[in-house]
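*Asks:* The following file, structure-v9.txt, comprises compact mmCIF, C-alpha atoms:
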```
# COMPACT_ATOMS: atom_id res chain seq x y z
CA ALA A 1 202.57 115.19 156.19
CA LYS A 2 205.38 115.63 153.74
CA PHE A 3 206.68 119.16 153.39
CA GLU A 4 208.67 121.22 150.92
CA GLN A 5 210.16 124.42 152.28
CA GLN A 6 211.57 127.42 150.47
CA SER A 7 213.26 130.24 152.38
CA ILE A 8 214.08 133.50 150.60
CA LEU A 9 216.43 135.99 152.27
CA LYS A 10 215.61 139.17 150.40
CA ALA A 11 218.60 141.34 151.42
CA MET A 12 221.06 138.63 150.37
CA ASP A 13 219.10 137.55 147.27
CA PHE A 14 219.43 133.98 148.54
CA THR A 15 216.98 131.07 148.31
CA ASP A 16 217.28 127.85 150.27
CA THR A 17 215.10 124.75 149.86
CA ALA A 18 214.45 121.79 152.12
CA SER A 19 212.07 118.86 152.35
CA GLY A 20 211.04 116.12 154.71
CA ASN A 21 208.19 115.02 156.95
CA ILE A 22 206.32 116.60 159.84
CA LEU A 23 204.38 115.03 162.69
CA VAL A 24 202.14 117.22 164.84
CA LYS A 25 200.31 116.34 168.04
CA ARG A 26 198.29 118.84 169.97
CA PRO A 27 199.04 120.59 172.15
CA GLY A 28 202.55 121.78 171.35
CA LYS A 29 204.26 118.67 170.00
CA MET A 30 206.07 118.65 166.65
CA ARG A 31 208.69 116.55 164.89
CA TRP A 32 210.26 117.95 161.71
CA THR A 33 212.42 115.38 159.90
CA TYR A 34 214.51 117.07 157.21
CA ASP A 35 215.78 114.82 154.41
CA THR A 36 217.24 117.52 152.14
CA PRO A 37 219.47 119.43 151.80
CA GLU A 38 220.93 117.59 154.80
CA LYS A 39 219.47 115.30 157.44
CA GLN A 40 218.20 117.13 160.51
CA LEU A 41 215.60 116.60 163.25
CA ILE A 42 213.71 119.34 165.07
CA ILE A 43 211.68 117.87 167.92
CA THR A 44 209.61 119.49 170.64
CA ASN A 45 207.34 118.13 173.32
CA GLY A 46 205.91 121.63 173.76
CA ILE A 47 208.35 122.46 176.55
CA ASP A 48 211.78 121.26 175.46
CA LEU A 49 213.37 121.51 172.03
CA TRP A 50 216.06 119.42 170.36
CA ILE A 51 217.70 120.15 167.02
CA TYR A 52 219.85 117.24 165.89
CA LYS A 53 222.28 117.30 162.98
CA PRO A 54 223.46 113.70 162.57
CA GLU A 55 226.19 114.58 160.06
CA ASP A 56 227.85 116.79 162.72
CA ASN A 57 226.71 114.60 165.66
CA GLN A 58 225.49 117.83 167.24
CA VAL A 59 222.41 118.52 169.36
CA THR A 60 221.17 122.01 170.15
CA MET A 61 218.82 122.10 173.12
CA GLY A 62 216.56 124.78 174.44
CA ARG A 63 213.08 125.73 175.46
CA ALA A 64 210.40 125.37 172.82
CA PRO A 65 208.64 128.67 173.66
CA THR A 66 211.92 130.54 173.04
CA PHE A 67 212.38 128.96 169.61
CA PHE A 68 208.75 128.66 168.50
CA GLY A 69 207.22 131.62 170.34
CA ASP A 70 204.47 133.75 168.78
CA GLY A 71 203.87 131.36 165.89
CA LYS A 72 207.45 131.00 164.62
CA GLY A 73 208.30 127.76 162.89
CA ALA A 74 204.66 127.06 162.13
CA SER A 75 204.16 126.31 165.83
CA PHE A 76 200.47 127.16 165.55
CA LEU A 77 200.03 123.82 163.76
CA SER A 78 200.41 122.12 167.12
CA ASP A 79 198.24 124.62 169.01
CA MET A 80 195.62 126.37 166.90
CA LYS A 81 194.64 128.55 169.88
CA LEU A 82 197.77 130.59 169.08
CA ILE A 83 196.16 131.84 165.88
CA ARG A 84 193.22 133.49 167.65
CA GLU A 85 195.31 134.70 170.59
CA LYS A 86 198.25 136.18 168.69
CA PHE A 87 196.89 137.19 165.27
CA SER A 88 194.19 139.21 163.55
CA ILE A 89 192.67 137.04 160.83
CA HIS A 90 191.37 138.27 157.47
CA ARG A 91 190.25 136.22 154.51
CA GLU A 92 191.94 137.14 151.23
CA SER A 93 190.63 136.14 147.82
CA ASN A 94 191.21 132.53 146.79
CA ASP A 95 194.61 131.61 145.33
CA GLN A 96 195.12 130.30 141.78
CA ASP A 97 194.45 126.73 142.98
CA GLY A 98 191.07 127.71 144.46
CA ARG A 99 192.24 127.47 148.07
CA TYR A 100 191.03 129.91 150.70
CA VAL A 101 193.80 132.26 151.82
CA LEU A 102 193.85 133.58 155.37
CA ASN A 103 196.04 136.56 156.26
CA LEU A 104 197.30 136.41 159.84
CA THR A 105 198.75 139.67 161.15
CA PRO A 106 200.40 139.70 164.59
CA LYS A 107 198.43 141.65 167.18
CA GLU A 108 201.75 142.84 168.65
CA THR A 109 204.72 144.13 166.63
CA ASN A 110 207.11 141.30 165.95
CA PHE A 111 210.27 141.41 163.80
CA ASP A 112 210.26 137.64 163.29
CA ILE A 113 206.73 137.55 161.88
CA ALA A 114 205.15 140.43 159.98
CA ALA A 115 202.45 138.30 158.32
CA ILE A 116 201.45 134.69 157.76
CA TYR A 117 199.34 133.51 154.85
CA LEU A 118 197.59 130.16 155.21
CA SER A 119 196.23 128.47 152.09
CA VAL A 120 193.41 126.13 153.08
CA SER A 121 191.97 123.43 150.82
CA VAL A 122 188.35 123.46 149.74
CA PRO A 123 186.27 121.53 150.86
CA GLN A 124 188.58 119.60 153.27
CA PHE A 125 189.70 122.75 155.15
CA GLU A 126 193.25 121.45 155.56
CA ILE A 127 196.26 123.77 155.59
CA GLU A 128 198.21 123.12 152.39
CA ARG A 129 200.58 126.11 152.33
CA ILE A 130 202.07 128.38 154.96
CA VAL A 131 203.88 131.53 153.85
CA THR A 132 205.56 133.61 156.54
CA TYR A 133 207.11 137.06 156.09
CA ASN A 134 209.32 138.82 158.62
CA ALA A 135 209.80 142.58 159.07
CA TYR A 136 212.69 142.52 156.56
CA GLY A 137 210.58 141.00 153.77
CA ASP A 138 212.17 137.55 154.00
CA GLU A 139 209.80 134.76 152.99
CA ASN A 140 209.46 131.21 154.26
CA ARG A 141 207.07 128.97 152.30
CA ILE A 142 206.03 125.51 153.46
CA ASP A 143 203.88 123.32 151.23
CA LEU A 144 202.22 120.36 152.95
CA LYS A 145 201.37 117.22 150.97
CA ASP A 146 199.96 113.79 151.76
CA VAL A 147 198.41 115.02 155.00
CA LYS A 148 197.14 112.14 157.11
CA HIS A 149 195.17 112.36 160.34
CA LYS A 150 195.80 109.73 162.98
CA ASP A 151 193.86 109.19 166.18
CA ALA A 152 196.94 108.31 168.20
CA ILE A 153 200.58 109.29 167.79
CA ASP A 154 203.04 107.93 170.34
CA ASP A 155 204.35 110.70 172.65
CA ALA A 156 207.78 109.05 172.51
CA LEU A 157 208.17 110.51 169.00
CA PHE A 158 208.28 113.98 170.59
CA THR A 159 211.27 113.40 172.85
CA PHE A 160 214.91 112.91 171.95
CA ASP A 161 217.67 110.77 173.43
CA ILE A 162 221.05 112.43 172.90
CA PRO A 163 223.44 110.05 171.13
CA ASN A 164 226.64 109.09 172.94
CA GLY A 165 229.51 111.42 172.09
CA ALA A 166 227.28 114.12 170.57
CA ASP A 167 228.26 117.75 171.03
CA VAL A 168 225.51 119.50 173.00
CA LEU A 169 224.86 123.23 172.61
CA LYS A 170 222.40 125.36 174.54
CA LEU A 171 220.00 127.44 172.43
CA GLU A 172 219.79 130.32 174.89
CA GLN A 173 223.54 131.02 174.69
```
Go ahead and render the structure in this file as C-alpha cells.
*Replies:*
Amino acid sequence: AKFEQQSILKAMDFTDTASGNILVKRPGKMRWTYDTPEKQLIITNGIDLWIYKPEDNQVTMGRAPTFFGDGKGASFLSDMKLIREKFSIHRESNDQDGRYVLNLTPKETNFDIAAIYLSVSVPQFEIERIVTYNAYGDENRIDLKDVKHKDAIDDALFTFDIPNGADVLKLEQ
C-alpha cells in the first residue's frame, strides 16, 4: 500500500508529515519505504530490525520486538493476533466517510500507546486509517491507499544488507 503519515507532538505544537510505501507479510514482516520528507527504510523480518537512512549512509539495527512491541509502529498489521491479545476492542460510530471505526485500548498500561483507532472500509473490511495516541496526547495518523493483496511476497524483501562503509548503530544503546 501507499501511506501518508502525520505525526503531531502536542506539547511542542509540532506536526511532521511523511509518505511512502509499505509491504506487510504475516507473521511479523514489514518494509516501510519512506520517500518524503527524506528517504528512509524500516525493515523487519519479525526478529531483526534495520532502519536505513541513505542520505547519512547510516543503519540502526536492533530487535524488532523492542522497537515494535505491543503494537507500536502499526506492527499489528503483520500479526493481527496482537490486536486480540494486547487490546480491548470497541466499535465506535462510523466516521464521516462511512468507515467502521474500531477503538483499541491496551489491556496493560502503556505510555507509548494509550489508544489506537482503526478505520475500516465498508464492505471490503480493509484498514484505511490508523490513528495512534500515546499517554501524552501525541497523535500519529497513517492513511493507507492503493492497498493490494498478493499471494506471495519474496522474504528477501524483509532482510537488509548493510552497504559498505555505512555507520552502524545499535538500537538498544
*Asks:* Given all atoms listed in the file as the basis, pick out the residue of A:Ile127, A:Ala18, A:Leu169, A:Ile162 nearest to Met80 (chain A).
*Replies:*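 Between A:Ile127, A:Ala18, A:Leu169, A:Ile162, the residue approaching Met80 (chain A) most closely is A:Ile127.
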*Asks:* Compile the contact shell of Lys86 (chain A) as a ChimeraX atom specification: residues with an atom at most 6 Å away, counting all atoms listed in the file, same-chain residues fewer than 3 positions apart removed.
*Replies:* /A:82-83,106-107
*Asks:* When you look at region 7-16 of chain A with a cut-off of 7 Å (counting only C-alpha atoms), what residues show up, excluding the ones that are within fewer than 5 positions of it in the same chain? I need them as a PDB file with C-alpha atoms, keeping the file's coordinate frame.
*Replies:*
```
ATOM      1  CA  GLY A 137     210.580 141.000 153.770  1.00  0.00           C
ATOM      2  CA  ASP A 138     212.170 137.550 154.000  1.00  0.00           C
ATOM      3  CA  GLU A 139     209.800 134.760 152.990  1.00  0.00           C
ATOM      4  CA  ASN A 140     209.460 131.210 154.260  1.00  0.00           C
ATOM      5  CA  ARG A 141     207.070 128.970 152.300  1.00  0.00           C
TER       6      ARG A 141
END
```
*Asks:* To one decimal in Å, tell me the separation between CA of Leu157 (chain A) and CA of Ile130 (chain A).
*Replies:*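 Taking CA of Leu157 (chain A) as the start and CA of Ile130 (chain A) as the end point, the length is 23.5 Å.
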*Asks:* Could you list as an NGL selection string every residue that has an atom within 8 Å of (210.6, 122.0, 172.4), using the file's coordinates and counting only C-alpha atoms?
*Replies:* :A and (29 or 43-50 or 62-65 or 67-68)
*Asks:* Taking only C-alpha atoms into account, which of A:Arg129, A:Lys39, A:Lys25, A:Arg84 comes nearest Asn57 (chain A)?
*Replies:*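 For Asn57 (chain A), the nearest of the given residues is A:Lys39.
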*Asks:* State, in Å with one decimal place, the distance from CA of Glu126 (chain A) to CA of Leu144 (chain A).
*Replies:*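 Here the two named atoms are 9.4 Å from each other.
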*Asks:* Counting all atoms listed in the file, which of A:Asn103, A:Lys170, A:Pro163, A:Ala74 gets nearest to Lys53 (chain A)?
*Replies:*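 Ranked by minimum distance to Lys53 (chain A), first place goes to A:Pro163.
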*Asks:* I'd like the interatomic distance between CA of Gly28 (chain A) and CA of Phe158 (chain A), to a tenth of an Å.
*Replies:* 9.7 Å
*Asks:* Got a sec: who's within 12 Å of Leu41 (chain A), counting only C-alpha atoms, leaving out chain neighbours fewer than 5 positions off, as JSON, numbers by chain?
*Replies:* {"A": [19, 20, 21, 22, 23, 30, 31, 32, 33, 34, 35, 36, 49, 50, 51, 52, 53, 54, 55, 57, 58, 59, 60, 61, 157, 158, 159, 160, 161, 162]}
*Asks:* Pull C-alpha atoms from the residues just selected and write them as a PDB file, keeping the file's coordinate frame.
*Replies:*
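This went into again34.pdb:
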```pdb
ATOM      1  CA  SER A  19     212.070 118.860 152.350  1.00  0.00           C
ATOM      2  CA  GLY A  20     211.040 116.120 154.710  1.00  0.00           C
ATOM      3  CA  ASN A  21     208.190 115.020 156.950  1.00  0.00           C
ATOM      4  CA  ILE A  22     206.320 116.600 159.840  1.00  0.00           C
ATOM      5  CA  LEU A  23     204.380 115.030 162.690  1.00  0.00           C
ATOM      6  CA  MET A  30     206.070 118.650 166.650  1.00  0.00           C
ATOM      7  CA  ARG A  31     208.690 116.550 164.890  1.00  0.00           C
ATOM      8  CA  TRP A  32     210.260 117.950 161.710  1.00  0.00           C
ATOM      9  CA  THR A  33     212.420 115.380 159.900  1.00  0.00           C
ATOM     10  CA  TYR A  34     214.510 117.070 157.210  1.00  0.00           C
ATOM     11  CA  ASP A  35     215.780 114.820 154.410  1.00  0.00           C
ATOM     12  CA  THR A  36     217.240 117.520 152.140  1.00  0.00           C
ATOM     13  CA  LEU A  49     213.370 121.510 172.030  1.00  0.00           C
ATOM     14  CA  TRP A  50     216.060 119.420 170.360  1.00  0.00           C
ATOM     15  CA  ILE A  51     217.700 120.150 167.020  1.00  0.00           C
ATOM     16  CA  TYR A  52     219.850 117.240 165.890  1.00  0.00           C
ATOM     17  CA  LYS A  53     222.280 117.300 162.980  1.00  0.00           C
ATOM     18  CA  PRO A  54     223.460 113.700 162.570  1.00  0.00           C
ATOM     19  CA  GLU A  55     226.190 114.580 160.060  1.00  0.00           C
ATOM     20  CA  ASN A  57     226.710 114.600 165.660  1.00  0.00           C
ATOM     21  CA  GLN A  58     225.490 117.830 167.240  1.00  0.00           C
ATOM     22  CA  VAL A  59     222.410 118.520 169.360  1.00  0.00           C
ATOM     23  CA  THR A  60     221.170 122.010 170.150  1.00  0.00           C
ATOM     24  CA  MET A  61     218.820 122.100 173.120  1.00  0.00           C
ATOM     25  CA  LEU A 157     208.170 110.510 169.000  1.00  0.00           C
ATOM     26  CA  PHE A 158     208.280 113.980 170.590  1.00  0.00           C
ATOM     27  CA  THR A 159     211.270 113.400 172.850  1.00  0.00           C
ATOM     28  CA  PHE A 160     214.910 112.910 171.950  1.00  0.00           C
ATOM     29  CA  ASP A 161     217.670 110.770 173.430  1.00  0.00           C
ATOM     30  CA  ILE A 162     221.050 112.430 172.900  1.00  0.00           C
TER      31      ILE A 162
END
```
*Asks:* Skip Glu92 (chain A) itself and residues of its chain fewer than 6 positions away, then list as a VMD selection string all residues within 8 Å of it, counting only C-alpha atoms.
*Replies:* chain A and resid 100 to 103
*Asks:* Name the closest residue to Thr109 (chain A) among the candidates A:Asn134, A:Phe76, A:Pro37, A:Lys2; distances are taken between atoms, counting all atoms listed in the file.
*Replies:*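 Selected residue with least distance to Thr109 (chain A): A:Asn134.
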*Asks:* For each of A:Val122, A:Ile42, A:Leu77, A:Ile116, take the minimum atom-to-atom distance to Asp95 (chain A), counting all atoms listed in the file, then give the residue where this is smallest.
*Replies:*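 Answer, going by the shortest atom-to-atom distance: A:Val122.
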*Asks:* Using all atoms listed in the file for the distances, tell me which of A:Thr105, A:Gln40, A:Thr132, A:Gln124 is nearest to Lys148 (chain A).
*Replies:*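 Of A:Thr105, A:Gln40, A:Thr132, A:Gln124, the one nearest Lys148 (chain A), counting all atoms listed in the file, is A:Gln124.
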